[in-house]
file protein_19.txt (compact mmCIF, C-alpha atoms)
# COMPACT_ATOMS: atom_id res chain seq x y z
CA MET A 1 118.33 100.39 121.26
CA THR A 2 114.92 101.73 120.24
CA THR A 3 114.59 102.53 116.55
CA LEU A 4 112.92 105.84 115.74
CA VAL A 5 110.46 105.72 112.84
CA PHE A 6 109.45 109.00 111.21
CA GLY A 7 108.29 110.64 108.00
CA HIS A 8 108.75 114.12 106.61
CA LYS A 9 108.41 117.56 108.18
CA SER A 10 104.92 119.11 108.16
CA PRO A 11 103.45 115.63 108.69
CA ASP A 12 100.28 114.76 106.81
CA THR A 13 98.21 111.64 107.42
CA ASP A 14 100.66 109.26 105.71
CA SER A 15 103.69 110.72 107.53
CA THR A 16 101.77 110.48 110.82
CA GLY A 17 100.14 107.09 110.39
CA SER A 18 102.91 105.18 108.63
CA PRO A 19 105.47 105.65 111.45
CA ILE A 20 102.88 104.29 113.88
CA ILE A 21 102.15 101.33 111.62
CA TRP A 22 105.78 100.43 111.02
CA ALA A 23 106.84 100.92 114.65
CA TRP A 24 104.09 98.48 115.64
CA TYR A 25 105.34 95.96 113.08
CA LEU A 26 108.98 96.26 114.11
CA SER A 27 108.18 96.00 117.81
CA THR A 28 105.48 93.34 117.70
CA VAL A 29 106.39 91.15 114.74
CA GLN A 30 110.12 91.70 114.25
CA ASN A 31 110.93 91.97 117.98
CA THR A 32 112.85 95.16 117.27
CA PRO A 33 111.98 97.89 119.79
CA ALA A 34 110.71 100.86 117.82
CA LYS A 35 109.01 104.17 118.50
CA PRO A 36 107.06 106.39 116.10
CA VAL A 37 107.94 110.08 116.21
CA LEU A 38 106.93 113.16 114.22
CA LEU A 39 108.93 116.07 112.81
CA GLY A 40 106.21 118.61 113.57
CA GLU A 41 102.56 118.96 114.50
CA PRO A 42 100.28 116.77 112.39
CA ASN A 43 97.88 118.57 110.10
CA THR A 44 94.18 118.74 110.91
CA GLU A 45 93.30 115.61 108.96
CA ALA A 46 96.09 113.60 110.58
CA ALA A 47 95.00 114.86 114.01
CA PHE A 48 91.46 113.70 113.24
CA VAL A 49 92.75 110.26 112.24
CA LEU A 50 94.66 109.90 115.51
CA THR A 51 91.54 110.74 117.51
CA HIS A 52 89.20 108.66 115.33
CA TRP A 53 91.25 105.50 115.77
CA ASN A 54 92.20 106.22 119.39
CA LEU A 55 95.90 106.46 118.56
CA THR A 56 98.36 108.32 120.76
CA LYS A 57 100.05 111.24 119.05
CA PRO A 58 103.74 110.40 118.68
CA ASP A 59 106.32 112.62 120.32
CA ILE A 60 107.73 115.44 118.20
CA ILE A 61 111.49 115.62 117.65
CA THR A 62 113.59 118.31 116.01
CA ASP A 63 116.81 116.40 115.31
CA VAL A 64 118.61 113.09 115.65
CA THR A 65 122.07 112.12 116.87
CA ALA A 66 124.78 109.71 115.83
CA ASP A 67 123.48 107.31 118.47
CA ASP A 68 119.98 107.13 117.01
CA ALA A 69 118.85 104.21 114.86
CA VAL A 70 116.13 105.37 112.46
CA VAL A 71 113.78 104.17 109.76
CA ILE A 72 112.60 106.85 107.32
CA VAL A 73 109.14 106.56 105.79
CA ASP A 74 107.19 108.57 103.20
CA THR A 75 110.23 110.53 102.01
CA ASN A 76 113.87 110.12 101.01
CA ASN A 77 114.56 113.84 100.70
CA PRO A 78 117.14 115.21 103.19
CA ALA A 79 115.47 118.66 103.00
CA GLU A 80 112.38 117.13 104.63
CA LEU A 81 114.30 115.37 107.40
CA PRO A 82 116.17 116.35 110.59
CA PRO A 83 119.32 118.44 110.07
CA SER A 84 121.61 115.69 111.38
CA ILE A 85 119.97 112.81 109.52
CA ASN A 86 123.21 111.75 107.83
CA GLU A 87 124.84 111.31 111.24
CA ALA A 88 122.18 108.86 112.42
CA LYS A 89 122.19 105.09 111.91
CA ILE A 90 119.70 104.86 109.05
CA GLU A 91 118.39 101.29 109.01
CA GLY A 92 115.74 101.53 106.32
CA ILE A 93 113.66 103.67 103.97
CA ILE A 94 110.08 102.95 102.87
CA ASP A 95 108.76 105.45 100.38
CA HIS A 96 106.68 106.11 97.27
CA HIS A 97 108.32 109.30 95.99
CA MET A 98 111.01 109.84 93.38
CA LEU A 99 114.57 109.19 94.53
CA VAL A 100 116.10 112.55 95.44
CA GLY A 101 119.56 111.61 96.68
CA GLY A 102 121.70 113.15 99.40
CA LEU A 103 121.20 110.63 102.20
CA LYS A 104 124.29 108.83 103.46
CA THR A 105 124.28 105.59 105.44
CA LYS A 106 126.86 103.88 107.61
CA GLY A 107 126.28 100.51 106.00
CA PRO A 108 123.89 98.58 103.75
CA ILE A 109 120.22 99.18 104.52
CA ASP A 110 116.80 97.97 103.42
CA ILE A 111 115.22 100.35 100.91
CA THR A 112 111.75 99.90 99.44
CA ILE A 113 110.49 102.55 97.02
CA ARG A 114 107.49 101.55 94.94
CA PRO A 115 105.26 103.44 92.48
CA LEU A 116 102.16 103.30 94.66
CA ALA A 117 100.01 106.14 95.95
CA CYS A 118 100.73 105.62 99.63
CA THR A 119 103.49 104.44 101.94
CA ALA A 120 100.94 102.49 103.96
CA THR A 121 100.09 100.41 100.89
CA ILE A 122 103.74 99.40 100.62
CA MET A 123 103.75 98.53 104.32
CA HIS A 124 100.67 96.36 103.80
CA ASP A 125 102.60 94.37 101.21
CA LEU A 126 105.79 94.14 103.28
CA MET A 127 103.89 92.94 106.34
CA GLY A 128 102.06 90.18 104.49
CA ASP A 129 100.27 87.69 106.72
CA ALA A 130 101.55 89.48 109.82
CA LEU A 131 98.93 92.17 109.24
CA ALA A 132 96.34 89.72 110.57
CA GLN A 133 97.88 90.26 114.02
CA ALA A 134 97.46 94.01 113.83
CA PRO A 135 94.94 95.65 116.14
CA ARG A 136 92.00 97.59 114.75
CA GLU A 137 93.68 100.97 115.19
CA ILE A 138 96.72 99.94 113.10
CA LYS A 139 94.52 98.72 110.26
CA GLY A 140 92.45 101.91 110.61
CA ALA A 141 95.55 104.06 110.34
CA MET A 142 96.58 102.14 107.22
CA LEU A 143 93.18 102.65 105.60
CA SER A 144 93.16 106.35 106.50
CA CYS A 145 96.62 106.88 105.02
CA ILE A 146 95.54 105.35 101.72
CA LEU A 147 92.31 107.37 101.55
CA SER A 148 94.25 110.54 102.30
CA ASP A 149 97.01 110.05 99.76
CA THR A 150 94.62 108.91 97.02
CA LEU A 151 92.01 111.59 97.86
CA GLU A 152 89.51 108.71 98.06
CA PHE A 153 90.84 107.29 94.76
CA ARG A 154 90.51 110.62 92.89
CA SER A 155 94.24 111.30 92.68
CA PRO A 156 96.01 110.23 89.48
CA THR A 157 98.62 108.55 91.69
CA THR A 158 96.02 105.95 92.70
CA THR A 159 96.72 102.44 91.50
CA ALA A 160 94.35 99.49 91.35
CA HIS A 161 96.40 97.94 94.14
CA ASP A 162 95.98 100.95 96.45
CA ARG A 163 92.24 100.74 95.94
CA ALA A 164 92.09 96.98 96.46
CA VAL A 165 94.06 97.22 99.71
CA ALA A 166 91.83 100.04 100.99
CA GLU A 167 88.65 98.13 100.14
CA LYS A 168 89.95 94.99 101.84
CA LEU A 169 90.86 96.96 104.98
CA ALA A 170 87.48 98.72 105.03
CA ALA A 171 85.64 95.40 104.74
CA ASP A 172 87.76 93.92 107.53
CA LEU A 173 87.07 96.92 109.76
CA GLY A 174 83.40 97.18 108.82
CA VAL A 175 83.62 100.86 107.94
CA SER A 176 82.31 102.92 105.04
CA ILE A 177 85.07 104.31 102.85
CA SER A 178 82.94 107.26 101.74
CA LYS A 179 81.92 108.21 105.30
CA LEU A 180 85.45 107.97 106.66
CA ALA A 181 86.93 109.90 103.72
CA THR A 182 84.28 112.61 104.02
CA ALA A 183 85.03 113.07 107.72
CA MET A 184 88.77 113.18 107.01
CA PHE A 185 88.42 115.75 104.23
CA GLU A 186 86.15 117.92 106.39
CA ALA A 187 88.85 117.91 109.07
CA LYS A 188 91.49 118.76 106.48
CA SER A 189 89.37 121.67 105.19
CA ASP A 190 89.08 123.33 108.60
CA VAL A 191 91.98 125.78 108.41
CA SER A 192 90.40 128.66 110.29
CA ALA A 193 92.80 128.41 113.23
CA PHE A 194 95.95 128.68 111.12
CA THR A 195 97.95 131.78 110.25
CA ASP A 196 98.87 132.49 106.65
CA ALA A 197 102.44 131.35 107.26
CA GLU A 198 101.22 128.11 108.83
CA LEU A 199 98.97 127.44 105.84
CA LEU A 200 101.83 128.04 103.42
CA ARG A 201 103.97 125.50 105.29
CA MET A 202 101.25 123.01 106.21
CA ASP A 203 101.72 120.61 103.30
CA SER A 204 104.88 121.85 101.70
CA LYS A 205 107.96 120.43 100.03
CA GLU A 206 111.19 122.03 98.83
CA TYR A 207 112.35 121.71 95.22
CA THR A 208 114.78 123.48 92.92
CA VAL A 209 113.42 124.23 89.45
CA ALA A 210 115.33 126.15 86.75
CA GLY A 211 117.75 127.41 89.38
CA LYS A 212 114.97 128.68 91.66
CA ASP A 213 114.57 127.27 95.16
CA LEU A 214 110.86 126.72 95.60
CA ARG A 215 108.58 125.87 98.50
CA VAL A 216 105.75 124.04 96.71
CA SER A 217 102.70 124.02 98.95
CA VAL A 218 99.42 122.20 98.42
CA LEU A 219 96.18 122.64 100.34
CA GLU A 220 93.69 119.85 99.61
CA THR A 221 90.18 120.83 100.59
CA THR A 222 86.49 120.31 99.96
CA ALA A 223 85.91 124.00 100.73
CA PRO A 224 88.39 125.94 98.57
CA LYS A 225 86.50 129.22 99.01
CA ILE A 226 87.61 129.37 102.64
CA VAL A 227 91.25 129.41 101.52
CA LEU A 228 90.79 131.53 98.39
CA ASP A 229 88.96 134.20 100.39
CA ARG A 230 92.35 134.68 102.11
CA LYS A 231 94.36 134.88 98.89
CA ALA A 232 95.43 138.51 99.33
CA SER A 233 96.89 137.93 102.77
CA LEU A 234 98.37 134.59 101.74
CA MET A 235 100.17 136.18 98.81
CA ALA A 236 101.35 139.03 101.03
CA SER A 237 102.89 136.47 103.40
CA MET A 238 104.77 134.56 100.71
CA ASP A 239 107.83 136.83 100.62
CA ALA A 240 108.42 136.55 104.36
CA VAL A 241 107.94 132.77 104.37
CA ALA A 242 110.29 132.36 101.41
CA ARG A 243 112.91 134.59 103.02
CA GLU A 244 112.71 132.78 106.37
CA ASP A 245 112.93 129.37 104.69
CA GLY A 246 115.73 130.26 102.28
CA ALA A 247 113.54 129.93 99.20
CA ASP A 248 113.15 132.15 96.16
CA GLN A 249 109.40 131.67 95.90
CA VAL A 250 106.42 129.97 97.50
CA LEU A 251 103.95 128.31 95.17
CA LEU A 252 100.50 127.58 96.62
CA PHE A 253 98.14 125.19 94.87
CA VAL A 254 94.64 124.97 96.38
CA VAL A 255 93.30 121.56 95.34
CA ASP A 256 89.52 121.23 95.16
CA ILE A 257 89.00 117.56 96.00
CA LEU A 258 85.42 117.43 94.75
CA ARG A 259 85.86 119.43 91.52
CA GLU A 260 89.20 117.72 90.85
CA GLU A 261 91.12 120.87 89.98
CA ALA A 262 93.77 123.12 91.46
CA THR A 263 93.89 126.88 91.77
CA LEU A 264 97.38 128.38 91.76
CA LEU A 265 97.87 131.74 93.45
CA VAL A 266 99.83 134.11 91.19
CA PRO A 267 101.44 136.89 93.25
CA ASN A 268 104.05 138.09 90.74
CA ASP A 269 105.54 137.77 87.26
CA LEU A 270 107.83 134.89 88.25
CA VAL A 271 104.89 132.69 89.21
CA LYS A 272 102.95 133.84 86.14
CA GLN A 273 105.82 132.86 83.86
CA MET A 274 106.25 129.54 85.61
CA ALA A 275 102.51 128.76 85.47
CA GLU A 276 102.27 129.51 81.76
CA ALA A 277 105.44 127.59 80.92
CA SER A 278 104.55 124.61 83.11
CA PHE A 279 100.85 124.13 82.50
CA GLY A 280 100.24 125.71 79.10
CA CYS A 281 97.72 128.12 80.57
CA THR A 282 97.17 131.85 80.16
CA VAL A 283 97.26 133.84 83.39
CA THR A 284 95.14 137.00 83.40
CA GLY A 285 94.78 137.68 87.12
CA ASP A 286 96.14 136.67 90.51
CA THR A 287 94.89 133.08 90.25
CA VAL A 288 94.69 130.44 87.56
CA VAL A 289 92.56 127.29 87.61
CA LEU A 290 94.25 124.08 86.47
CA PRO A 291 91.58 121.47 85.61
CA GLY A 292 92.41 117.91 86.57
CA VAL A 293 95.52 118.83 88.57
CA MET A 294 95.36 116.94 91.87
CA SER A 295 98.82 115.57 92.59
CA ARG A 296 101.98 117.47 93.46
CA LYS A 297 104.05 114.31 92.98
CA LYS A 298 102.67 113.27 89.59
CA GLN A 299 101.27 116.44 87.98
CA ILE A 300 102.86 119.50 89.56
CA ILE A 301 106.53 118.80 90.28
CA PRO A 302 107.25 116.98 86.99
CA ALA A 303 105.62 119.85 85.05
CA LEU A 304 107.38 122.77 86.73
CA LYS A 305 109.69 124.75 84.48
CA LEU A 306 110.56 128.35 83.69
call {"tool": "encode", "arguments": {"input": "protein_19.txt", "output": "structure tokens"}}
result
Amino acid sequence: MTTLVFGHKSPDTDSTGSPIIWAWYLSTVQNTPAKPVLLGEPNTEAAFVLTHWNLTKPDIITDVTADDAVVIVDTNNPAELPPSINEAKIEGIIDHHMLVGGLKTKGPIDITIRPLACTATIMHDLMGDALAQAPREIKGAMLSCILSDTLEFRSPTTTAHDRAVAEKLAADLGVSISKLATAMFEAKSDVSAFTDAELLRMDSKEYTVAGKDLRVSVLETTAPKIVLDRKASLMASMDAVAREDGADQVLLFVVDILREEATLLVPNDLVKQMAEASFGCTVTGDTVVLPGVMSRKKQIIPALKL
């Protein structure tokens, strides 16, 4: 049986690269046949990483069956996984997010959840000396995942260990961290081909806060003006996206990687109330700038209240 390895829906670089990394490890080192798959099209940065390191884009799946053996990476949230995930044979979870609950397994499994900035950093540690066997493209994917999730070490989720692992990988590969990160962020910032609905779902997670079902979306970019110039149409699309996805509200945070701040779009009184209650700010228009806010996991989700 071939084990399927996948991350969350709306795959970013970590949820695209980490399945590839771990499937290589299982197949090559553990002699367990494994295949990386995705739960949607990778975002523009992840697509760049695949091309840059000459990696084949994994197949996209929409669901799993009771016959499928799976390893889940970069999430443990059932809302971000295939509808039938609890029917599958879950063999392991590797993640760096808070424990959500709701997954059911058919027996004991290996679970590794560590307070690091990136799933690929955890995989580096789990692989140990076996990483020396990894081909250049696997090490490149690992480095790219870490640079993406840490925003080149700007994110408050970054640990000294994430940085040390990235620097060691970069030295081994003979690449410049700054040049690679710049190219990745430029790819991530190119959103011209996406509809408003696609942008709102591109890097999005579902949470319930104060009884409200929220789709919390983040767009990390070095060119925030490109996104903010579309704020009127983005806000106009929020109701339809929320309705189609069974949410009460879409929250969109546009993260300026270089200025290290987030701009929250404020389409209505609900979002205004939530912004003021959560971040101690005063909202006077249809946007509010949140200095220093870079991380949904560490700074946005824990702060949300109404």
call {"tool": "residues_around", "arguments": {"input": "protein_19.txt", "residues": "range 275-291 of chain A", "least_positions_apart": "2", "cutoff": "9 Å", "atoms": "only C-alpha atoms", "output": "list of chain:residue names"}}
result
A:Lys231, A:Arg259, A:Glu260, A:Glu261, A:Ala262, A:Thr263, A:Leu264, A:Leu265, A:Val266, A:Pro267, A:Asn268, A:Leu270, A:Val271, A:Lys272, A:Gln273, A:Val293, A:Met294, A:Ile300, A:Pro302, A:Ala303, A:Leu304, A:Lys305, A:Leu306
call {"tool": "atom_distance", "arguments": {"input": "protein_19.txt", "atom1": "CA of Asp125 in chain A", "atom2": "CA of His161 in chain A"}}
result
10.1 Å
call {"tool": "closest_residue", "arguments": {"input": "protein_19.txt", "among": "A:Thr44, A:Ser204, A:Ser15, A:Asn76", "to": "Cys118 in chain A", "atoms": "all atoms listed in the file"}}
result
A:Ser15
call {"tool": "closest_residue", "arguments": {"input": "protein_19.txt", "among": "A:Arg201, A:Lys188, A:Lys35, A:Lys168", "to": "Thr221 in chain A", "atoms": "all atoms listed in the file"}}
result
A:Lys188
call {"tool": "residues_around", "arguments": {"input": "protein_19.txt", "residues": "Pro36 in chain A", "least_positions_apart": "4", "cutoff": "7 Å", "atoms": "only C-alpha atoms", "output": "list in words"}}
result
Leu4, Val5, Phe6, Pro19, Ile20, Ala23 and Pro58 of chain A
call {"tool": "closest_residue", "arguments": {"input": "protein_19.txt", "among": "A:Asn86, A:Gln299, A:Thr51, A:Gln30", "to": "Ala66 in chain A", "atoms": "all atoms listed in the file"}}
result
A:Asn86
call {"tool": "closest_atom_pairs", "arguments": {"input": "protein_19.txt", "of": "range 158-263 of chain A", "to": "range 98-105 of chain A", "cutoff": "12 Å", "atoms": "all atoms listed in the file", "output": "JSON lines"}}
result
{"residue": "A:Glu206", "atom": "CA", "partner": "A:Val100", "partner_atom": "CA", "distance": 11.2}
{"residue": "A:Tyr207", "atom": "CA", "partner": "A:Val100", "partner_atom": "CA", "distance": 9.9}
{"residue": "A:Thr208", "atom": "CA", "partner": "A:Val100", "partner_atom": "CA", "distance": 11.3}
call {"tool": "write_last_selection", "arguments": {"input": "protein_19.txt", "atoms": "C-alpha atoms", "output": "mmCIF file, in the frame of the given file"}}
result
data_model
loop_
_atom_site.group_PDB
_atom_site.id
_atom_site.type_symbol
_atom_site.label_atom_id
_atom_site.label_comp_id
_atom_site.auth_asym_id
_atom_site.auth_seq_id
_atom_site.Cartn_x
_atom_site.Cartn_y
_atom_site.Cartn_z
ATOM 1 C CA GLU A 206 111.190 122.030 98.830
ATOM 2 C CA TYR A 207 112.350 121.710 95.220
ATOM 3 C CA THR A 208 114.780 123.480 92.920
#
call {"tool": "closest_residue", "arguments": {"input": "protein_19.txt", "among": "A:Ala236, A:Leu200, A:Leu251, A:Met123", "to": "Leu143 in chain A", "atoms": "all atoms listed in the file"}}
result
A:Met123
call {"tool": "atom_distance", "arguments": {"input": "protein_19.txt", "atom1": "CA of Asp59 in chain A", "atom2": "CA of Gly140 in chain A"}}
result
20.0 Å
